[in-house]
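Okay, structure first, notes after.
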Amino acid sequence: MTRKQRFEFVIGYFRDHAPDAETELIYHNPYQLLVAVILSAQCTDKRVNMTTPAIFAKFPDPASLAKADFDDLFPLVKSISYPNNKTKHLIGMARMLMEKYQGKVPLTVGELVELPGVGRKTANVITSVVDEQPNMAVDTHVFRVSARIGLTVNAKTPLAAEKQLVQLIPREWIHKAHHWLILHGRYTCTARNPQCPGCGLKPACKYYLRNYGDPGSQ
């Protein structure tokens with residue numbers, strides 16, 4: 001199977017079996033999504049979803065969050081990983097939104113990465129989810145799954161993996177592909193004990209071929 005054929009198989013499989021894949025973070029507007037994604041760094045979506053309702057109840061918009069001080073917000077964030085930094089980032093993010101963007105979340109990667117707590121991965125999530133822009137967020141799941149299947153080759157960094165993926169995934173599916181790969185990594189292609197025998201991607205997967213042999217011969 002050529003690399004192009006591998007991409008075609010994987011995209012076709014997900015298109016048929018997970019057409020409605022989306023983020024598992026719970027949000028109702030771009031501001032809420034931005035807060036949730038900042039909190040989700042090195043933390044599970046489940047934990048974030050348990051934490052954000054109280055935050056949004058007290059700080060329903062950037063204006064209210066921008067007026068908060070550390071002691072106002074920290075008690076609501078302390079169950080999340082790296083709560084000190086994330087508390088500071090959220091307040092700084094809200095203040096910049098008010099000062100520079102009239103309280104609206106910008107929708108370009110270049111503008112988003114200027115916000116405190118927002119890196120390229122977060123900016124790619126926001127733009128792809130809110131605006132369906134063809135941006136690929138590469139987290140640990142996407143990085144692992146892409147390499148195992150063989151979608152990426154010798155990609156040493158998330159940015160290198162991102163560049164390879166957006167080059168070979170059709171533009172209209174890039175915003176969806178992040179969710180396909182992250183959910184596959186979260187529930188099937190797990191870091192430990194991946195569920196290979198029951199995986200629908202095994203005909204195209206280099207990892208499966210290397211560890212189990214050709215599925216067509218079984």
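Just so we're on the same page: first chain in the structure tokens is A, next is B, and so on; residues restart at 1 for each chain, and ligands are numbered from 1 in the order they show up.
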Residues at most 6 Å from range 130-134 of chain A, counting only C-alpha atoms, excluding those fewer than 2 positions away in the same chain, as a list in words? Ile126, Thr127, Ser128, Arg171, Ile174 and His175 of chain A
Which of range 4-218 of chain A end up as helix (DSSP H, G or I) when DSSP is run on this backbone - answer as a PyMOL selection string? chain A and resi 4-17+30-40+45-58+62-66+70-77+83-101+109-112+120-131+140-149+158-168+171-187+202-204+206-212+215-217
Name all residues at most 12 Å from Ala57 in chain A (count only C-alpha atoms; drop same-chain ones fewer than 6 positions away) and give them as a PDB file with C-alpha atoms, in the first residue's frame.
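Final file, part-v6.pdb:
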ATOM      1  CA  GLN A  32     -15.963  28.874  26.462  1.00  0.00           C
ATOM      2  CA  THR A  51     -14.444  22.080  36.126  1.00  0.00           C
ATOM      3  CA  SER A  64     -16.110  39.290  33.733  1.00  0.00           C
ATOM      4  CA  LEU A  65     -13.010  37.090  33.602  1.00  0.00           C
ATOM      5  CA  LEU A  73     -10.326  32.156  39.833  1.00  0.00           C
ATOM      6  CA  LEU A  76     -12.237  26.953  40.486  1.00  0.00           C
TER       7      LEU A  76
END
Output as a Markdown table one row per residue of range 98-172 of chain A within 8 Å of range 1-10 of chain A: the closest atom pair and its distance in Å to one decimal place, counting only C-alpha atoms, sorted by chain and residue number ascending.
| residue | atom | partner | partner_atom | distance |
| --- | --- | --- | --- | --- |
| A:Gly150 | CA | A:Arg3 | CA | 7.6 |
| A:Leu151 | CA | A:Phe7 | CA | 6.6 |
| A:Leu168 | CA | A:Phe7 | CA | 7.2 |
| A:Ile169 | CA | A:Phe7 | CA | 7.0 |
Would you list the contacts of Ile80 in chain A as number ranges by chain, taking every protein, DNA or RNA residue within 10 Å and counting only C-alpha atoms, but skipping same-chain residues closer than 4 positions in sequence? A: 39-44, 47-48, 50-51, 74, 76, 84, 86-87
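The environment of Asp139 in chain A within 8 Å, counting only C-alpha atoms and disregarding residues fewer than 4 places along the same chain, consists of Lys121, Phe143, Pro158 and Ile182 of chain A.
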Excluding range 99-108 of chain A and residues on its chain fewer than 5 positions from it, collect all residues at most 9 Å away from it, counting only C-alpha atoms, and give them as a PDB file with N, CA and C atoms, in the first residue's frame.
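What landed in out11.pdb:
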ATOM      1  N   PRO A  30     -17.298  30.473  21.382  1.00  0.00           N
ATOM      2  CA  PRO A  30     -15.831  30.459  21.234  1.00  0.00           C
ATOM      3  C   PRO A  30     -15.075  30.779  22.515  1.00  0.00           C
ATOM      4  N   TYR A  31     -15.600  31.683  23.319  1.00  0.00           N
ATOM      5  CA  TYR A  31     -14.944  32.004  24.592  1.00  0.00           C
ATOM      6  C   TYR A  31     -14.868  30.773  25.483  1.00  0.00           C
ATOM      7  N   LEU A  34     -12.320  28.317  24.168  1.00  0.00           N
ATOM      8  CA  LEU A  34     -10.955  28.776  24.405  1.00  0.00           C
ATOM      9  C   LEU A  34     -10.535  28.496  25.844  1.00  0.00           C
ATOM     10  N   ASP A  61     -18.236  35.519  30.529  1.00  0.00           N
ATOM     11  CA  ASP A  61     -17.726  36.152  29.319  1.00  0.00           C
ATOM     12  C   ASP A  61     -16.340  36.725  29.591  1.00  0.00           C
ATOM     13  N   PRO A  62     -15.629  37.134  28.545  1.00  0.00           N
ATOM     14  CA  PRO A  62     -14.294  37.696  28.743  1.00  0.00           C
ATOM     15  C   PRO A  62     -14.284  38.923  29.650  1.00  0.00           C
ATOM     16  N   ALA A  63     -15.326  39.738  29.589  1.00  0.00           N
ATOM     17  CA  ALA A  63     -15.364  40.952  30.407  1.00  0.00           C
ATOM     18  C   ALA A  63     -15.315  40.632  31.890  1.00  0.00           C
ATOM     19  N   ALA A  94      -8.194  36.747  28.930  1.00  0.00           N
ATOM     20  CA  ALA A  94      -9.423  37.549  28.934  1.00  0.00           C
ATOM     21  C   ALA A  94      -9.113  39.042  28.843  1.00  0.00           C
ATOM     22  N   VAL A 113      -2.250  32.867  18.928  1.00  0.00           N
ATOM     23  CA  VAL A 113      -1.040  32.476  19.656  1.00  0.00           C
ATOM     24  C   VAL A 113      -0.426  33.636  20.434  1.00  0.00           C
ATOM     25  N   ALA A 123      -4.481  27.058  19.173  1.00  0.00           N
ATOM     26  CA  ALA A 123      -4.981  27.922  18.095  1.00  0.00           C
ATOM     27  C   ALA A 123      -5.560  27.096  16.950  1.00  0.00           C
ATOM     28  N   ASN A 124      -4.917  25.983  16.641  1.00  0.00           N
ATOM     29  CA  ASN A 124      -5.438  25.119  15.586  1.00  0.00           C
ATOM     30  C   ASN A 124      -6.772  24.494  15.982  1.00  0.00           C
ATOM     31  N   ILE A 126      -9.044  25.838  18.058  1.00  0.00           N
ATOM     32  CA  ILE A 126     -10.073  26.879  18.021  1.00  0.00           C
ATOM     33  C   ILE A 126     -10.510  27.173  16.594  1.00  0.00           C
ATOM     34  N   THR A 127      -9.554  27.385  15.702  1.00  0.00           N
ATOM     35  CA  THR A 127      -9.904  27.761  14.328  1.00  0.00           C
ATOM     36  C   THR A 127     -10.566  26.627  13.558  1.00  0.00           C
ATOM     37  N   VAL A 130     -14.277  26.066  15.565  1.00  0.00           N
ATOM     38  CA  VAL A 130     -15.229  27.171  15.465  1.00  0.00           C
ATOM     39  C   VAL A 130     -15.510  27.543  14.021  1.00  0.00           C
ATOM     40  N   ASP A 131     -14.467  27.525  13.196  1.00  0.00           N
ATOM     41  CA  ASP A 131     -14.583  28.068  11.847  1.00  0.00           C
ATOM     42  C   ASP A 131     -14.301  27.048  10.741  1.00  0.00           C
TER      43      ASP A 131
END
Go through A:Arg148, A:Lys88, A:Arg186, A:Lys176 and flag the residue nearest Arg210 in chain A, using only C-alpha atoms for the distances.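 Ranking A:Arg148, A:Lys88, A:Arg186, A:Lys176 by distance to Arg210 in chain A, first place goes to A:Arg148.
Among A:Val109, A:Val118, A:Leu165, A:Ile26, the residue with the shortest atom-to-atom distance to Val138 in chain A, counting only C-alpha atoms, is A:Leu165.
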Tell me which protein, DNA and RNA residues are within 12 Å of Leu181 in chain A, counting only C-alpha atoms, leaving out same-chain ones fewer than 2 positions away, and put them as number ranges by chain. A: 10-11, 13-15, 18, 21-23, 136-149, 151, 165, 173-179, 183-190, 201
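Using only C-alpha atoms, the nearest neighbour of Met96 in chain A within the list A:Cys205, A:Ala66, A:Val77, A:Ala155 is A:Ala66.
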